[in-house]
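Encoded as structure tokens, the structure appears first; notes follow it.
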Amino acid sequence: MFGRDSNKKDGERFEEHSNEESGHAGGVSRQTRSSNLSSNQSISRSTAMIGQSIQINGTITGAENLVIEGTVDGSVELPDQDLTIGESGQVTANLDAKNVTVNGQVTGDIKGSEKVVISKTGRVKGNITAPRVTLEDGAKFKGSIDMDPGESARPAAKIAPTAAALSPEVKQEAS
Amino acid sequence: MAFRRRQSTPEKQASATSTPQRIQSRLLPQLFSDIDERQHIHVLDLGAGSNATLSFFGQLDTATKITFADTSDLCDELAPLTDQAPFDFIHAVQTWQRHLGLQPQDQIDYLLMWDYLHYFEPGIIEALSTALQPHVHRESRGYGFGSLHSGKPIRGGVYAIGDENSVTLTPDPITLPHAHSQQVIADNFICMHITRGTLLREGHLELLFEA
């Protein structure tokens with residue numbers, strides 16, 4: 001677990017295995033969202049947390065969702081999981097996850113295979129690659145955003161002027 | 001020197017939460033007239049990240065890369081350069097290159113300048129043009145606002161694309177430090193040339209640029 005490994009030296013790899021028992025140590029915990037699920041389902045939906053006082057240098061990998069409220073320098077690789085940077089989270093790392101939500105500060109590149117959201121409290125300096133990206137009002141972002149929706153996600157029709165933007169003549173024709 | 005950092009004042013921060021206004025554009029349709037023909041587009045927005053602009057490009061049937069340069073961070077850094085004599089043009093160009101964060105191979109299809117040129121002295125605008133030159137190709141297009149004349153500053157604010165026909169403006173209470181006419185912009189922003197200028201009802205001189 002992250003908590004037991006938090007004293008490792010820089011560059012050491014932090015691994016999460018899906019068959020580990022849930023629990024927490026130090027400022028790091030894991031929360032299971034539903035106790036009624038089967039064992040595998042329960043583990044796949046569990047969420048680990050790096051607490052505010054925890055500092056990690058190195059690579060984080062794993063097979064469960066992760067919330068970072070502490071400080072991380074290095075990289076985070078959770079390609080099939082959700083990653084959330086909490087409001088107190090300060091991350092200087094490249095991030096790779098299925099869904100990434102940033103409420104805190106990130107310096108580094110972010111790759112989201114499904115979606116990246118920078119909330120109103122989020123601060124990101126780096127490049128984002130994801131099919132869908134949302135910047136909430138108040139979010140601070142500097143860098144590039146690379147969006148390729150892919151064939152399946154692309155809309156059938158290309159953009160068209162909104163109804164409000166159409167001239168009266170055009171609207172009449174349309175009706 | 002009247003450089004002002006965007007969103008540096010409480011008033012500015014308060015304005016950022018005000019309701020955006022929609023300004024009908026006459027030139028955006030022309031700016032994007034060939035957008036469906038492009039396989040992959042690269043947009044450089046000199047402003048900070050905007051969800052409205054992001055959403056506009058996100059609905060395209062085209063792979064899109066948008067770079068938000070957040071030029072507001074640069075005002076304080078570039079201001080001292082024009083106070084020095086002689087003006088260190090090379091340093092200004094290098095500062096722009098570093099700040100824009102473009103890769104050497106990046107080619108810009110659409111350049112959104114909004115009101116940002118009015119934050120800088122003409123020499124700094126020329127330095128920006130020089131920094132952008134390697135990233136401009138023959139089909140590059142640009143969009144921004146000019147002043148009707150040097151005594152009439154345009155309205156500052158946070159601009160974004162509303163849709164194909166309009167821009168959104170979140171008003172800004174501070175006055176822009178410069179009011180560059182179309183001629184001043186044309187003389188200094190030389191990596192593109194102005195192909196059309198249209199005066200909008202709100203007093204903005206809308207400018208379309210092509211390489």
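We name chains A, B, ... following the order of the structure tokens; residues begin at 1 in each chain, and ligands are numbered from 1 as shown.
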
Within 7 Å of chain A, which residues of chain B are there when counting only C-alpha atoms? Please give them as a list in words.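 Residues passing the distance filter: Ala48, Gly49, Ser50, Asn51, Gln59, Leu60, Asp61, Ala63, Thr64, Lys65, Ile66, Thr67, Phe68, Ala69, Asp70, Glu164 and Asn165 of chain B.
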
Those residues you just picked out, can you put them in a file as an mmCIF file, in the first residue's frame with N, CA and C atoms?
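Output below, filename selection30.cif:
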data_model
loop_
_atom_site.group_PDB
_atom_site.id
_atom_site.type_symbol
_atom_site.label_atom_id
_atom_site.label_comp_id
_atom_site.auth_asym_id
_atom_site.auth_seq_id
_atom_site.Cartn_x
_atom_site.Cartn_y
_atom_site.Cartn_z
ATOM 1 N N ALA B 48 -6.197 32.552 -21.942
ATOM 2 C CA ALA B 48 -6.199 31.417 -21.013
ATOM 3 C C ALA B 48 -7.235 30.392 -21.474
ATOM 4 N N GLY B 49 -7.161 29.227 -20.901
ATOM 5 C CA GLY B 49 -8.075 28.156 -21.274
ATOM 6 C C GLY B 49 -9.529 28.568 -21.147
ATOM 7 N N SER B 50 -10.299 28.308 -22.173
ATOM 8 C CA SER B 50 -11.709 28.681 -22.170
ATOM 9 C C SER B 50 -12.545 27.480 -22.585
ATOM 10 N N ASN B 51 -13.532 27.161 -21.760
ATOM 11 C CA ASN B 51 -14.356 25.998 -22.090
ATOM 12 C C ASN B 51 -15.234 26.259 -23.304
ATOM 13 N N GLN B 59 -16.642 19.909 -30.894
ATOM 14 C CA GLN B 59 -17.761 19.305 -31.616
ATOM 15 C C GLN B 59 -17.448 19.092 -33.090
ATOM 16 N N LEU B 60 -16.249 19.484 -33.499
ATOM 17 C CA LEU B 60 -15.886 19.307 -34.904
ATOM 18 C C LEU B 60 -15.580 17.858 -35.220
ATOM 19 N N ASP B 61 -15.795 17.524 -36.458
ATOM 20 C CA ASP B 61 -15.461 16.189 -36.937
ATOM 21 C C ASP B 61 -13.999 16.178 -37.399
ATOM 22 N N ALA B 63 -9.801 16.080 -35.826
ATOM 23 C CA ALA B 63 -8.865 16.031 -34.702
ATOM 24 C C ALA B 63 -8.313 17.439 -34.465
ATOM 25 N N THR B 64 -8.371 17.870 -33.233
ATOM 26 C CA THR B 64 -8.038 19.258 -32.923
ATOM 27 C C THR B 64 -7.019 19.345 -31.805
ATOM 28 N N LYS B 65 -6.055 20.201 -32.016
ATOM 29 C CA LYS B 65 -5.116 20.540 -30.947
ATOM 30 C C LYS B 65 -5.251 22.032 -30.684
ATOM 31 N N ILE B 66 -5.508 22.377 -29.434
ATOM 32 C CA ILE B 66 -5.634 23.783 -29.060
ATOM 33 C C ILE B 66 -4.549 24.116 -28.050
ATOM 34 N N THR B 67 -3.817 25.164 -28.343
ATOM 35 C CA THR B 67 -2.819 25.631 -27.396
ATOM 36 C C THR B 67 -3.298 26.952 -26.805
ATOM 37 N N PHE B 68 -3.454 26.952 -25.492
ATOM 38 C CA PHE B 68 -3.801 28.193 -24.787
ATOM 39 C C PHE B 68 -2.512 28.765 -24.205
ATOM 40 N N ALA B 69 -2.090 29.903 -24.739
ATOM 41 C CA ALA B 69 -0.787 30.457 -24.345
ATOM 42 C C ALA B 69 -0.869 31.305 -23.079
ATOM 43 N N ASP B 70 -2.070 31.736 -22.705
ATOM 44 C CA ASP B 70 -2.256 32.569 -21.514
ATOM 45 C C ASP B 70 -1.234 33.705 -21.468
ATOM 46 N N GLU B 164 -20.159 29.652 -34.404
ATOM 47 C CA GLU B 164 -19.571 30.073 -35.681
ATOM 48 C C GLU B 164 -19.795 31.537 -35.989
ATOM 49 N N ASN B 165 -20.773 32.131 -35.334
ATOM 50 C CA ASN B 165 -21.161 33.495 -35.677
ATOM 51 C C ASN B 165 -20.992 34.500 -34.550
#

Env of Thr53 (chain B): 7 Å cut, atoms = only C-alpha atoms, seq-sep filter 4 positions within chain, self excluded. Answer as a list in words.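 Counting only C-alpha atoms, the residues come to Phe57, Ala160 and Ile161 of chain B.
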
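Separating CA of Asp76 (chain B) from CA of Ile124 (chain B) is a distance of 12.3 Å.
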
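Comparing B:Pro177, B:Pro171, B:Pro153, B:Gly197 by their smallest distance to Pro20 (chain B), the closest is B:Pro171 (using only C-alpha atoms).
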
Quick one: distance from CA of Ala97 (chain A) to CA of Thr47 (chain A) in Å, one decimal?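 For CA of Ala97 (chain A) relative to CA of Thr47 (chain A), the distance reads 13.5 Å.
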
Could you please write out, as a PDB file with C-alpha atoms, in the first residue's frame, every residue of chain B that DSSP assigns to helix (DSSP H, G or I)?
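Writing done, so here's out-v6.pdb:
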ATOM      1  CA  PRO B  10      -9.982  42.105  -7.237  1.00  0.00           C
ATOM      2  CA  GLU B  11     -12.173  43.889  -9.768  1.00  0.00           C
ATOM      3  CA  LYS B  12     -10.846  41.661 -12.524  1.00  0.00           C
ATOM      4  CA  GLN B  13     -11.384  38.555 -10.471  1.00  0.00           C
ATOM      5  CA  ALA B  14     -14.911  39.650  -9.747  1.00  0.00           C
ATOM      6  CA  SER B  15     -15.544  40.280 -13.406  1.00  0.00           C
ATOM      7  CA  LEU B  28     -15.894  34.332 -37.789  1.00  0.00           C
ATOM      8  CA  PRO B  29     -17.868  32.539 -40.527  1.00  0.00           C
ATOM      9  CA  GLN B  30     -15.160  33.545 -42.970  1.00  0.00           C
ATOM     10  CA  LEU B  31     -12.424  32.525 -40.547  1.00  0.00           C
ATOM     11  CA  ILE B  35     -12.617  24.224 -41.346  1.00  0.00           C
ATOM     12  CA  ASP B  36     -14.475  21.095 -42.472  1.00  0.00           C
ATOM     13  CA  GLU B  37     -11.913  20.484 -45.175  1.00  0.00           C
ATOM     14  CA  ASN B  51     -14.356  25.998 -22.090  1.00  0.00           C
ATOM     15  CA  ALA B  52     -16.475  27.843 -24.661  1.00  0.00           C
ATOM     16  CA  THR B  53     -13.669  27.808 -27.210  1.00  0.00           C
ATOM     17  CA  LEU B  54     -12.830  24.247 -26.278  1.00  0.00           C
ATOM     18  CA  SER B  55     -16.436  23.130 -26.734  1.00  0.00           C
ATOM     19  CA  PHE B  56     -16.660  24.824 -30.099  1.00  0.00           C
ATOM     20  CA  PHE B  57     -13.694  22.938 -31.480  1.00  0.00           C
ATOM     21  CA  GLY B  58     -14.611  19.788 -29.573  1.00  0.00           C
ATOM     22  CA  THR B  71      -0.397  35.664 -22.607  1.00  0.00           C
ATOM     23  CA  SER B  72      -1.486  37.546 -19.493  1.00  0.00           C
ATOM     24  CA  ASP B  73       1.390  35.889 -17.658  1.00  0.00           C
ATOM     25  CA  LEU B  74       3.802  37.585 -19.996  1.00  0.00           C
ATOM     26  CA  CYS B  75       2.859  41.250 -19.662  1.00  0.00           C
ATOM     27  CA  ASP B  76       5.019  41.924 -16.614  1.00  0.00           C
ATOM     28  CA  GLU B  77       7.962  40.020 -18.059  1.00  0.00           C
ATOM     29  CA  LEU B  78       8.005  41.890 -21.352  1.00  0.00           C
ATOM     30  CA  ALA B  79       7.307  45.353 -19.980  1.00  0.00           C
ATOM     31  CA  PRO B  80      10.885  46.144 -18.887  1.00  0.00           C
ATOM     32  CA  LEU B  81      12.258  45.282 -22.313  1.00  0.00           C
ATOM     33  CA  THR B  82      10.649  48.242 -24.011  1.00  0.00           C
ATOM     34  CA  ASP B  83      11.810  50.552 -21.216  1.00  0.00           C
ATOM     35  CA  PHE B  89      14.349  42.666 -29.842  1.00  0.00           C
ATOM     36  CA  ILE B  90      16.048  39.259 -29.856  1.00  0.00           C
ATOM     37  CA  HIS B  91      15.352  38.792 -26.172  1.00  0.00           C
ATOM     38  CA  ALA B  92      11.711  39.692 -26.778  1.00  0.00           C
ATOM     39  CA  VAL B  93      11.438  37.116 -29.559  1.00  0.00           C
ATOM     40  CA  GLN B  94      13.057  34.445 -27.388  1.00  0.00           C
ATOM     41  CA  THR B  95      10.706  35.278 -24.529  1.00  0.00           C
ATOM     42  CA  TRP B  96       7.723  34.821 -26.815  1.00  0.00           C
ATOM     43  CA  GLN B  97       9.109  31.555 -28.191  1.00  0.00           C
ATOM     44  CA  ARG B  98       9.588  30.172 -24.713  1.00  0.00           C
ATOM     45  CA  HIS B  99       6.187  31.311 -23.540  1.00  0.00           C
ATOM     46  CA  LEU B 100       4.165  30.102 -26.520  1.00  0.00           C
ATOM     47  CA  TYR B 116      -4.123  40.801 -26.565  1.00  0.00           C
ATOM     48  CA  LEU B 117      -2.142  42.929 -29.014  1.00  0.00           C
ATOM     49  CA  HIS B 118      -3.375  45.994 -27.119  1.00  0.00           C
ATOM     50  CA  TYR B 119      -1.447  44.933 -24.032  1.00  0.00           C
ATOM     51  CA  PRO B 122       4.433  47.804 -31.189  1.00  0.00           C
ATOM     52  CA  GLY B 123       7.970  46.410 -30.793  1.00  0.00           C
ATOM     53  CA  ILE B 124       6.661  43.542 -28.671  1.00  0.00           C
ATOM     54  CA  ILE B 125       3.990  42.840 -31.295  1.00  0.00           C
ATOM     55  CA  GLU B 126       6.681  42.629 -33.950  1.00  0.00           C
ATOM     56  CA  ALA B 127       8.613  40.229 -31.721  1.00  0.00           C
ATOM     57  CA  LEU B 128       5.484  38.074 -31.411  1.00  0.00           C
ATOM     58  CA  SER B 129       5.128  38.083 -35.173  1.00  0.00           C
ATOM     59  CA  THR B 130       8.742  36.985 -35.579  1.00  0.00           C
ATOM     60  CA  ALA B 131       8.268  34.189 -33.045  1.00  0.00           C
ATOM     61  CA  LEU B 132       5.170  32.973 -34.863  1.00  0.00           C
ATOM     62  CA  GLN B 133       6.608  33.190 -38.367  1.00  0.00           C
ATOM     63  CA  PRO B 134       8.026  29.618 -38.491  1.00  0.00           C
ATOM     64  CA  HIS B 135       4.644  28.253 -37.371  1.00  0.00           C
ATOM     65  CA  GLN B 182      -5.489  48.587 -37.932  1.00  0.00           C
ATOM     66  CA  GLN B 183      -2.482  50.320 -39.497  1.00  0.00           C
ATOM     67  CA  VAL B 184      -0.258  49.888 -36.417  1.00  0.00           C
ATOM     68  CA  ILE B 185      -1.168  46.206 -36.227  1.00  0.00           C
ATOM     69  CA  ALA B 186      -0.571  45.728 -39.952  1.00  0.00           C
ATOM     70  CA  ASP B 187       2.844  47.414 -39.711  1.00  0.00           C
ATOM     71  CA  ASN B 188       4.046  45.262 -36.813  1.00  0.00           C
TER      72      ASN B 188
END

Run DSSP on the backbone and tell me which residues of chain B come out as strand (DSSP E); list them as a PyMOL selection string. chain B and resi 21-24+40-45+63-68+108-114+136-146+157-163+166-171+193-199+205-210

Under the rule that only C-alpha atoms are counted, which of A:Ile54, A:Val100, A:Met49, A:Ile85 is the nearest residue to Gly70 (chain A)? A:Ile54
